[in-house]
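Source file: target04.cif (mmCIF, C-alpha atoms and all ligand atoms)
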data_structure
#
loop_
_atom_site.group_PDB
_atom_site.id
_atom_site.type_symbol
_atom_site.label_atom_id
_atom_site.label_comp_id
_atom_site.auth_asym_id
_atom_site.auth_seq_id
_atom_site.Cartn_x
_atom_site.Cartn_y
_atom_site.Cartn_z
ATOM 1 C CA MET A 1 45.165 58.335 -36.549
ATOM 2 C CA ALA A 2 44.923 54.907 -34.926
ATOM 3 C CA SER A 3 41.843 55.877 -32.878
ATOM 4 C CA HIS A 4 40.229 57.438 -35.916
ATOM 5 C CA THR A 5 40.533 54.124 -37.716
ATOM 6 C CA LEU A 6 39.131 52.353 -34.678
ATOM 7 C CA SER A 7 36.018 54.573 -34.533
ATOM 8 C CA GLN A 8 35.507 54.018 -38.222
ATOM 9 C CA LEU A 9 35.739 50.311 -37.609
ATOM 10 C CA VAL A 10 33.256 50.518 -34.733
ATOM 11 C CA GLY A 11 30.898 52.540 -36.913
ATOM 12 C CA ALA A 12 31.178 50.042 -39.709
ATOM 13 C CA SER A 13 30.547 47.046 -37.486
ATOM 14 C CA LEU A 14 27.579 48.824 -35.889
ATOM 15 C CA LEU A 15 26.068 49.407 -39.321
ATOM 16 C CA LEU A 16 26.752 45.814 -40.188
ATOM 17 C CA SER A 17 25.014 44.490 -37.096
ATOM 18 C CA LEU A 18 22.021 46.800 -37.628
ATOM 19 C CA ALA A 19 21.764 45.497 -41.176
ATOM 20 C CA THR A 20 21.942 41.927 -39.874
ATOM 21 C CA VAL A 21 19.100 42.554 -37.418
ATOM 22 C CA SER A 22 16.795 44.107 -39.997
ATOM 23 C CA CYS A 23 17.465 41.318 -42.494
ATOM 24 C CA SER A 24 17.122 38.505 -39.984
ATOM 25 C CA ASN A 25 13.855 36.630 -39.528
ATOM 26 C CA ARG A 26 12.729 38.907 -36.640
ATOM 27 C CA ALA A 27 15.185 37.263 -34.253
ATOM 28 C CA ASP A 28 14.495 40.224 -31.921
ATOM 29 C CA VAL A 29 10.869 39.084 -31.508
ATOM 30 C CA ALA A 30 10.764 35.864 -29.521
ATOM 31 C CA PRO A 31 8.662 34.418 -26.672
ATOM 32 C CA ILE A 32 9.943 35.286 -23.181
ATOM 33 C CA ALA A 33 7.203 34.465 -20.640
ATOM 34 C CA THR A 34 5.493 31.075 -20.358
ATOM 35 C CA LEU A 35 1.875 30.639 -21.435
ATOM 36 C CA GLU A 36 0.962 30.172 -17.782
ATOM 37 C CA GLN A 37 2.531 33.546 -16.928
ATOM 38 C CA ILE A 38 0.695 35.301 -19.762
ATOM 39 C CA MET A 39 -2.614 33.752 -18.688
ATOM 40 C CA GLU A 40 -2.170 34.686 -15.033
ATOM 41 C CA THR A 41 -0.688 38.171 -15.332
ATOM 42 C CA THR A 42 -2.385 39.507 -18.439
ATOM 43 C CA ILE A 43 -5.208 37.502 -20.006
ATOM 44 C CA GLU A 44 -6.996 36.742 -16.734
ATOM 45 C CA PRO A 45 -6.790 40.226 -15.146
ATOM 46 C CA VAL A 46 -7.647 42.188 -18.312
ATOM 47 C CA SER A 47 -10.585 39.905 -19.157
ATOM 48 C CA ASP A 48 -11.802 40.265 -15.557
ATOM 49 C CA ARG A 49 -12.066 44.045 -16.065
ATOM 50 C CA VAL A 50 -14.379 43.365 -19.019
ATOM 51 C CA PHE A 51 -16.460 40.725 -17.166
ATOM 52 C CA GLU A 52 -16.855 43.046 -14.155
ATOM 53 C CA ALA A 53 -18.367 45.724 -16.386
ATOM 54 C CA ALA A 54 -21.642 43.795 -16.509
ATOM 55 C CA VAL A 55 -22.508 41.887 -13.333
ATOM 56 C CA TRP A 56 -25.997 41.600 -11.846
ATOM 57 C CA GLU A 57 -27.064 40.221 -8.512
ATOM 58 C CA ASN A 58 -30.793 39.736 -7.825
ATOM 59 C CA GLY A 59 -31.596 41.971 -10.772
ATOM 60 C CA VAL A 60 -29.366 44.812 -9.591
ATOM 61 C CA GLN A 61 -26.182 45.716 -11.420
ATOM 62 C CA ILE A 62 -23.103 45.427 -9.209
ATOM 63 C CA GLY A 63 -20.376 47.964 -9.858
ATOM 64 C CA GLY A 64 -19.879 48.590 -13.536
ATOM 65 C CA PRO A 65 -18.356 51.622 -15.264
ATOM 66 C CA LYS A 66 -19.963 54.993 -14.507
ATOM 67 C CA THR A 67 -17.654 57.818 -15.519
ATOM 68 C CA ASP A 68 -15.983 58.388 -18.886
ATOM 69 C CA ASP A 69 -12.719 57.266 -17.328
ATOM 70 C CA ASP A 70 -14.320 54.018 -16.095
ATOM 71 C CA TRP A 71 -15.530 53.212 -19.625
ATOM 72 C CA LYS A 72 -12.182 54.184 -21.107
ATOM 73 C CA LEU A 73 -10.480 51.711 -18.779
ATOM 74 C CA VAL A 74 -12.876 48.916 -19.758
ATOM 75 C CA GLN A 75 -12.162 49.704 -23.408
ATOM 76 C CA ALA A 76 -8.389 49.735 -22.808
ATOM 77 C CA ASN A 77 -8.530 46.348 -21.088
ATOM 78 C CA ALA A 78 -10.570 44.909 -23.973
ATOM 79 C CA MET A 79 -7.972 46.237 -26.426
ATOM 80 C CA MET A 80 -5.202 44.729 -24.311
ATOM 81 C CA LEU A 81 -6.989 41.372 -24.380
ATOM 82 C CA ALA A 82 -7.091 41.611 -28.187
ATOM 83 C CA GLU A 83 -3.376 42.495 -28.157
ATOM 84 C CA THR A 84 -2.518 39.386 -26.151
ATOM 85 C CA CYS A 85 -3.678 37.391 -29.186
ATOM 86 C CA ASN A 86 -0.502 38.570 -30.919
ATOM 87 C CA LEU A 87 1.488 37.090 -28.030
ATOM 88 C CA LEU A 88 -0.392 33.788 -28.292
ATOM 89 C CA LEU A 89 0.344 33.589 -32.018
ATOM 90 C CA MET A 90 4.084 34.222 -31.778
ATOM 91 C CA PRO A 91 6.186 31.555 -33.481
ATOM 92 C CA GLY A 92 7.522 29.308 -30.757
ATOM 93 C CA ARG A 93 4.435 29.913 -28.606
ATOM 94 C CA ALA A 94 1.519 28.961 -30.859
ATOM 95 C CA LYS A 95 0.835 25.270 -30.240
ATOM 96 C CA ASP A 96 -0.128 24.554 -33.868
ATOM 97 C CA ASP A 97 -1.249 26.224 -37.074
ATOM 98 C CA GLY A 98 -4.887 25.120 -36.916
ATOM 99 C CA GLY A 99 -7.062 25.058 -33.802
ATOM 100 C CA TRP A 100 -4.764 27.403 -31.904
ATOM 101 C CA ARG A 101 -5.193 30.128 -34.554
ATOM 102 C CA ILE A 102 -8.958 29.627 -34.733
ATOM 103 C CA ARG A 103 -9.338 29.777 -30.914
ATOM 104 C CA THR A 104 -7.114 32.834 -30.674
ATOM 105 C CA GLN A 105 -8.982 34.575 -33.499
ATOM 106 C CA ALA A 106 -12.271 33.912 -31.663
ATOM 107 C CA MET A 107 -10.889 35.588 -28.536
ATOM 108 C CA LYS A 108 -9.607 38.545 -30.564
ATOM 109 C CA GLU A 109 -13.002 39.081 -32.217
ATOM 110 C CA ALA A 110 -14.812 38.881 -28.870
ATOM 111 C CA ALA A 111 -12.319 41.308 -27.289
ATOM 112 C CA LEU A 112 -12.772 43.791 -30.139
ATOM 113 C CA GLU A 113 -16.529 43.413 -29.760
ATOM 114 C CA ALA A 114 -16.119 44.343 -26.076
ATOM 115 C CA ALA A 115 -13.958 47.342 -26.964
ATOM 116 C CA LYS A 116 -16.666 48.566 -29.353
ATOM 117 C CA ALA A 117 -19.338 48.074 -26.686
ATOM 118 C CA ALA A 118 -17.265 50.045 -24.154
ATOM 119 C CA ASP A 119 -16.754 52.771 -26.721
ATOM 120 C CA ALA A 120 -20.539 52.968 -27.109
ATOM 121 C CA ARG A 121 -20.981 52.751 -23.293
ATOM 122 C CA ASN A 122 -23.443 49.923 -23.906
ATOM 123 C CA THR A 123 -23.823 47.608 -20.910
ATOM 124 C CA ASP A 124 -25.953 45.011 -22.758
ATOM 125 C CA ALA A 125 -23.381 44.819 -25.545
ATOM 126 C CA ILE A 126 -20.558 44.448 -22.999
ATOM 127 C CA LEU A 127 -22.460 41.568 -21.411
ATOM 128 C CA ASN A 128 -22.800 39.813 -24.794
ATOM 129 C CA ALA A 129 -19.142 40.410 -25.647
ATOM 130 C CA GLY A 130 -18.149 39.097 -22.209
ATOM 131 C CA THR A 131 -20.085 35.898 -22.911
ATOM 132 C CA HIS A 132 -18.262 35.517 -26.226
ATOM 133 C CA ILE A 133 -14.908 36.086 -24.522
ATOM 134 C CA TYR A 134 -15.737 33.475 -21.902
ATOM 135 C CA GLN A 135 -16.730 30.996 -24.625
ATOM 136 C CA ALA A 136 -13.412 31.654 -26.388
ATOM 137 C CA CYS A 137 -11.423 30.989 -23.157
ATOM 138 C CA LEU A 138 -13.366 27.808 -22.532
ATOM 139 C CA GLY A 139 -13.146 26.599 -26.139
ATOM 140 C CA CYS A 140 -9.375 26.787 -26.141
ATOM 141 C CA HIS A 141 -9.029 25.275 -22.671
ATOM 142 C CA LEU A 142 -11.317 22.363 -23.593
ATOM 143 C CA GLN A 143 -9.212 21.661 -26.673
ATOM 144 C CA TYR A 144 -5.720 22.165 -25.263
ATOM 145 C CA ILE A 145 -5.925 21.609 -21.500
ATOM 146 C CA PRO A 146 -9.004 19.407 -20.969
ATOM 147 C CA GLN A 147 -7.326 17.953 -17.865
ATOM 148 C CA MET A 148 -7.165 21.451 -16.307
ATOM 149 C CA VAL A 149 -10.780 22.371 -16.993
ATOM 150 C CA ALA A 150 -12.536 21.344 -13.788
ATOM 151 C CA PRO A 151 -15.177 18.653 -14.267
ATOM 152 C CA PRO A 152 -18.700 19.564 -13.146
ATOM 153 C CA THR A 153 -19.073 18.901 -9.425
ATOM 154 C CA LYS A 154 -21.919 16.661 -8.271
ATOM 155 C CA ARG A 155 -24.130 17.959 -5.529
HETATM 156 C C1 LIG B 1 -5.606 29.990 -27.642
HETATM 157 C C2 LIG B 1 -5.814 29.216 -26.441
HETATM 158 C C3 LIG B 1 -6.227 29.868 -25.156
HETATM 159 C C4 LIG B 1 -7.111 30.886 -24.963
HETATM 160 C C5 LIG B 1 -7.917 31.639 -26.002
HETATM 161 C C6 LIG B 1 -7.172 31.113 -23.546
HETATM 162 N N1 LIG B 1 -6.336 30.270 -22.891
HETATM 163 FE FE1 LIG B 1 -6.016 30.232 -20.883
HETATM 164 N N2 LIG B 1 -4.730 28.693 -21.134
HETATM 165 C C7 LIG B 1 -4.359 28.115 -22.321
HETATM 166 C C8 LIG B 1 -3.370 27.083 -22.083
HETATM 167 C C9 LIG B 1 -2.714 26.211 -23.131
HETATM 168 C C10 LIG B 1 -3.167 27.050 -20.694
HETATM 169 C C11 LIG B 1 -2.197 26.151 -19.920
HETATM 170 C C12 LIG B 1 -0.913 26.905 -19.701
HETATM 171 C C13 LIG B 1 0.108 26.090 -18.958
HETATM 172 O O1 LIG B 1 0.010 26.006 -17.719
HETATM 173 O O2 LIG B 1 0.999 25.563 -19.620
HETATM 174 C C14 LIG B 1 -4.045 28.071 -20.125
HETATM 175 C C15 LIG B 1 -4.127 28.332 -18.763
HETATM 176 C C16 LIG B 1 -4.923 29.296 -18.196
HETATM 177 C C17 LIG B 1 -4.993 29.589 -16.787
HETATM 178 C C18 LIG B 1 -4.266 28.823 -15.693
HETATM 179 C C19 LIG B 1 -2.857 29.286 -15.561
HETATM 180 C C20 LIG B 1 -2.139 28.347 -14.639
HETATM 181 O O3 LIG B 1 -1.588 27.374 -15.151
HETATM 182 O O4 LIG B 1 -2.209 28.560 -13.442
HETATM 183 C C21 LIG B 1 -5.867 30.617 -16.616
HETATM 184 C C22 LIG B 1 -6.263 31.275 -15.311
HETATM 185 C C23 LIG B 1 -6.349 30.980 -17.921
HETATM 186 N N3 LIG B 1 -5.747 30.159 -18.863
HETATM 187 C C24 LIG B 1 -7.255 31.974 -18.168
HETATM 188 C C25 LIG B 1 -7.762 32.276 -19.427
HETATM 189 C C26 LIG B 1 -8.810 33.229 -19.666
HETATM 190 C C27 LIG B 1 -9.536 34.014 -18.581
HETATM 191 C C28 LIG B 1 -8.998 33.246 -21.009
HETATM 192 C C29 LIG B 1 -9.982 34.064 -21.794
HETATM 193 C C30 LIG B 1 -10.091 35.468 -21.504
HETATM 194 C C31 LIG B 1 -8.072 32.298 -21.603
HETATM 195 N N4 LIG B 1 -7.346 31.726 -20.610
HETATM 196 C C32 LIG B 1 -7.986 32.081 -22.960
HETATM 197 C C33 LIG B 1 -4.840 28.454 -23.570
HETATM 198 C C34 LIG B 1 -5.750 29.470 -23.835
#

Spit out the file's structure as C-alpha cells when you get a sec.
Ligand code: HEC
Amino acid sequence: MASHTLSQLVGASLLLSLATVSCSNRADVAPIATLEQIMETTIEPVSDRVFEAAVWENGVQIGGPKTDDDWKLVQANAMMLAETCNLLLMPGRAKDDGGWRIRTQAMKEAALEAAKAADARNTDAILNAGTHIYQACLGCHLQYIPQMVAPPTKR
C-alpha cells in the first residue's frame, strides 16, 4: 500500500516535470560548444568538402566528386553547413539581432545553393556556390573578428 502510493507519487511528479519542460521557454535547447569549437570542428570541415568539389590547377580539375556517393557526400556536407546556421542563431550564441542574422542567412542561402548544385551534379554551379559561401564566411569575419582576418601580406 505504501509503495503503491510512492509509485503514484513518482508518476505524478514525472508528469509534472514533463509538463514543466514542454511549457518552459525551450530550456532544453541551449548553447554548449563555443563559437570557436563550432567553427573548427563543423563549419570549417564541412565547407571544405564543398570547396574541394571544384578545384582546378593549371586548367585541370583536381579531385572532385565522381560517383553518386561522392556527390551525395558533397550534398550532405552542404546541408550540414546550412544546419550549422541554426546553431549560430541560437539565443545565447547569436552576437546580435542584426548583422549576425544577415551574415548567417547569407551563409545558409549559399550552402543551400551548393546542396542544389550537388544534387544536379553540376561542377560549375558548385564552384559558384563555393564562392558565395566563401564570401559569407569573409563577410561575417570582417564584421565580427576584423582583428583575426589576416591583413594582406606585402611581397
Ligand atoms: C555569422 C558569422 C560567421 C560566419 C558566417 C562564419 N564565421 Fe567563422 N567565425 C566567426 C566568429 C565570431 C569567429 C571567432 C570565434 C572565436 O574565436 O571566438 C570565427 C572564427 C572562425 C575560425 C577560427 C577559429 C579559431 O578561433 O581558431 C575559423 C577557422 C572559421 N571561423 C571558419 C569559418 C568558415 C570556413 C566559414 C564559412 C564557411 C565561417 N567561419 C563563417 C563568425 C562567423

- Task: Please identify all polymer residues within 10 Å of Ile133 (chain A), counting all atoms listed in the file, omitting same-chain residues fewer than 6 positions from it, and present them as an MDAnalysis selection string.
- Result: chainID A and resid 47 50:51 78 81 106:114 127 139

Per-residue nearest contacts of chain A to ligand LIG 1 (chain B) (6 Å; only C-alpha atoms and all ligand atoms) as a tab-separated table:
residue	atom	partner	partner_atom	distance
A:Leu35	CA	B:LIG1	C12	5.0
A:Glu36	CA	B:LIG1	C12	4.2
A:Met39	CA	B:LIG1	C23	4.7
A:Glu40	CA	B:LIG1	C22	5.3
A:Ile43	CA	B:LIG1	C30	5.5
A:Glu44	CA	B:LIG1	C27	4.2
A:Ser47	CA	B:LIG1	C30	5.0
A:Trp100	CA	B:LIG1	C1	5.1
A:Arg103	CA	B:LIG1	C1	5.0
A:Thr104	CA	B:LIG1	C1	4.4
A:Met107	CA	B:LIG1	C5	5.6
A:Ile133	CA	B:LIG1	C30	5.7
A:Tyr134	CA	B:LIG1	C29	5.8
A:Ala136	CA	B:LIG1	C5	5.5
A:Cys137	CA	B:LIG1	C32	3.6
A:Cys140	CA	B:LIG1	C2	4.3
A:His141	CA	B:LIG1	C33	5.3
A:Tyr144	CA	B:LIG1	C9	5.5
A:Ile145	CA	B:LIG1	C9	5.8

- Best match for closeness to Gly130 (chain A) among A:Ala27, A:Ala53, A:Asp97, A:Ile38, counting all atoms listed in the file: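 Among the listed residues, the smallest separation from Gly130 (chain A) belongs to A:Ala53.
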
- Distance of CA of Pro91 (chain A) from CA of Val29 (chain A), expressed in Å to one decimal place: 9.1 Å

- Message: Using only C-alpha atoms, which protein or nucleic acid residues come within 7 Å of region 63-75 of chain A? Drop anything in the same chain fewer than 6 positions from it, and give the result as a ChimeraX atom specification.
- Response: /A:49-50,52-54,115,118-119,121

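For the pair CA of Asp124 (chain A) and CA of Leu142 (chain A), the interatomic distance is 27.0 Å.
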
- Item | Counting all atoms listed in the file, the residue of A:Met90, A:Val55, A:Ala82, A:Val46 that sits nearest Thr123 (chain A) |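 Going through A:Met90, A:Val55, A:Ala82, A:Val46 one by one, the smallest distance to Thr123 (chain A) is for A:Val55.
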
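For the atom pair formed by CA of Pro146 (chain A) and CA of Ala125 (chain A), the distance is 29.6 Å, given to one decimal.
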
- Query: Taking into account all atoms listed in the file, which residue in the set A:Pro45, A:Met79, A:Arg93, A:Val60 is nearest to Ile32 (chain A)?
  - Reply: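 Nearest candidate to Ile32 (chain A) out of A:Pro45, A:Met79, A:Arg93, A:Val60: A:Arg93.
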
The centre and edge lengths of an axis-aligned box containing all atoms of region 84-95 of chain A present in the file, extended by 4 Å on each side, are to be given in Å to one decimal, as AutoDock Vina command-line options.
--center_x 1.9 --center_y 32.3 --center_z -29.8 --size_x 19.2 --size_y 22.1 --size_z 15.3

Some atoms are missing, so please complete region 35-58 of chain A with N, CA and C atoms and return it as a PDB file, in the frame of the given file.
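rebuild.pdb, freshly written:
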ATOM      1  N   LEU A  35       3.315  30.472 -21.216  1.00  0.00           N
ATOM      2  CA  LEU A  35       1.875  30.639 -21.435  1.00  0.00           C
ATOM      3  C   LEU A  35       1.161  30.843 -20.101  1.00  0.00           C
ATOM      4  N   GLU A  36       1.581  30.073 -19.105  1.00  0.00           N
ATOM      5  CA  GLU A  36       0.962  30.172 -17.782  1.00  0.00           C
ATOM      6  C   GLU A  36       1.110  31.603 -17.233  1.00  0.00           C
ATOM      7  N   GLN A  37       2.299  32.185 -17.421  1.00  0.00           N
ATOM      8  CA  GLN A  37       2.531  33.546 -16.928  1.00  0.00           C
ATOM      9  C   GLN A  37       1.668  34.569 -17.676  1.00  0.00           C
ATOM     10  N   ILE A  38       1.525  34.370 -18.975  1.00  0.00           N
ATOM     11  CA  ILE A  38       0.695  35.301 -19.762  1.00  0.00           C
ATOM     12  C   ILE A  38      -0.763  35.201 -19.337  1.00  0.00           C
ATOM     13  N   MET A  39      -1.226  33.961 -19.126  1.00  0.00           N
ATOM     14  CA  MET A  39      -2.614  33.752 -18.688  1.00  0.00           C
ATOM     15  C   MET A  39      -2.848  34.448 -17.347  1.00  0.00           C
ATOM     16  N   GLU A  40      -1.942  34.209 -16.401  1.00  0.00           N
ATOM     17  CA  GLU A  40      -2.170  34.686 -15.033  1.00  0.00           C
ATOM     18  C   GLU A  40      -1.958  36.187 -14.852  1.00  0.00           C
ATOM     19  N   THR A  41      -0.994  36.755 -15.575  1.00  0.00           N
ATOM     20  CA  THR A  41      -0.688  38.171 -15.332  1.00  0.00           C
ATOM     21  C   THR A  41      -1.377  39.106 -16.301  1.00  0.00           C
ATOM     22  N   THR A  42      -1.808  38.603 -17.443  1.00  0.00           N
ATOM     23  CA  THR A  42      -2.385  39.507 -18.439  1.00  0.00           C
ATOM     24  C   THR A  42      -3.790  39.085 -18.855  1.00  0.00           C
ATOM     25  N   ILE A  43      -3.910  37.891 -19.448  1.00  0.00           N
ATOM     26  CA  ILE A  43      -5.208  37.502 -20.006  1.00  0.00           C
ATOM     27  C   ILE A  43      -6.291  37.451 -18.931  1.00  0.00           C
ATOM     28  N   GLU A  44      -5.966  36.845 -17.775  1.00  0.00           N
ATOM     29  CA  GLU A  44      -6.996  36.742 -16.734  1.00  0.00           C
ATOM     30  C   GLU A  44      -7.367  38.124 -16.158  1.00  0.00           C
ATOM     31  N   PRO A  45      -6.392  38.930 -15.699  1.00  0.00           N
ATOM     32  CA  PRO A  45      -6.790  40.226 -15.146  1.00  0.00           C
ATOM     33  C   PRO A  45      -7.474  41.175 -16.144  1.00  0.00           C
ATOM     34  N   VAL A  46      -7.000  41.231 -17.393  1.00  0.00           N
ATOM     35  CA  VAL A  46      -7.647  42.188 -18.312  1.00  0.00           C
ATOM     36  C   VAL A  46      -9.051  41.704 -18.704  1.00  0.00           C
ATOM     37  N   SER A  47      -9.237  40.376 -18.821  1.00  0.00           N
ATOM     38  CA  SER A  47     -10.585  39.905 -19.157  1.00  0.00           C
ATOM     39  C   SER A  47     -11.525  40.106 -17.968  1.00  0.00           C
ATOM     40  N   ASP A  48     -10.979  40.006 -16.750  1.00  0.00           N
ATOM     41  CA  ASP A  48     -11.802  40.265 -15.557  1.00  0.00           C
ATOM     42  C   ASP A  48     -12.374  41.687 -15.574  1.00  0.00           C
ATOM     43  N   ARG A  49     -11.585  42.652 -16.019  1.00  0.00           N
ATOM     44  CA  ARG A  49     -12.066  44.045 -16.065  1.00  0.00           C
ATOM     45  C   ARG A  49     -13.270  44.152 -16.993  1.00  0.00           C
ATOM     46  N   VAL A  50     -13.249  43.341 -18.075  1.00  0.00           N
ATOM     47  CA  VAL A  50     -14.379  43.365 -19.019  1.00  0.00           C
ATOM     48  C   VAL A  50     -15.584  42.651 -18.398  1.00  0.00           C
ATOM     49  N   PHE A  51     -15.349  41.475 -17.788  1.00  0.00           N
ATOM     50  CA  PHE A  51     -16.460  40.725 -17.166  1.00  0.00           C
ATOM     51  C   PHE A  51     -17.142  41.569 -16.072  1.00  0.00           C
ATOM     52  N   GLU A  52     -16.309  42.262 -15.285  1.00  0.00           N
ATOM     53  CA  GLU A  52     -16.855  43.046 -14.155  1.00  0.00           C
ATOM     54  C   GLU A  52     -17.706  44.232 -14.606  1.00  0.00           C
ATOM     55  N   ALA A  53     -17.608  44.575 -15.890  1.00  0.00           N
ATOM     56  CA  ALA A  53     -18.367  45.724 -16.386  1.00  0.00           C
ATOM     57  C   ALA A  53     -19.862  45.432 -16.471  1.00  0.00           C
ATOM     58  N   ALA A  54     -20.223  44.144 -16.404  1.00  0.00           N
ATOM     59  CA  ALA A  54     -21.642  43.795 -16.509  1.00  0.00           C
ATOM     60  C   ALA A  54     -21.957  42.623 -15.596  1.00  0.00           C
ATOM     61  N   VAL A  55     -22.169  42.926 -14.312  1.00  0.00           N
ATOM     62  CA  VAL A  55     -22.508  41.887 -13.333  1.00  0.00           C
ATOM     63  C   VAL A  55     -23.802  42.281 -12.613  1.00  0.00           C
ATOM     64  N   TRP A  56     -24.750  41.340 -12.564  1.00  0.00           N
ATOM     65  CA  TRP A  56     -25.997  41.600 -11.846  1.00  0.00           C
ATOM     66  C   TRP A  56     -26.155  40.623 -10.699  1.00  0.00           C
ATOM     67  N   GLU A  57     -26.736  41.110  -9.614  1.00  0.00           N
ATOM     68  CA  GLU A  57     -27.064  40.221  -8.512  1.00  0.00           C
ATOM     69  C   GLU A  57     -28.495  40.535  -8.098  1.00  0.00           C
ATOM     70  N   ASN A  58     -29.364  39.535  -8.128  1.00  0.00           N
ATOM     71  CA  ASN A  58     -30.793  39.736  -7.825  1.00  0.00           C
ATOM     72  C   ASN A  58     -31.373  40.896  -8.631  1.00  0.00           C
TER      73      ASN A  58
END
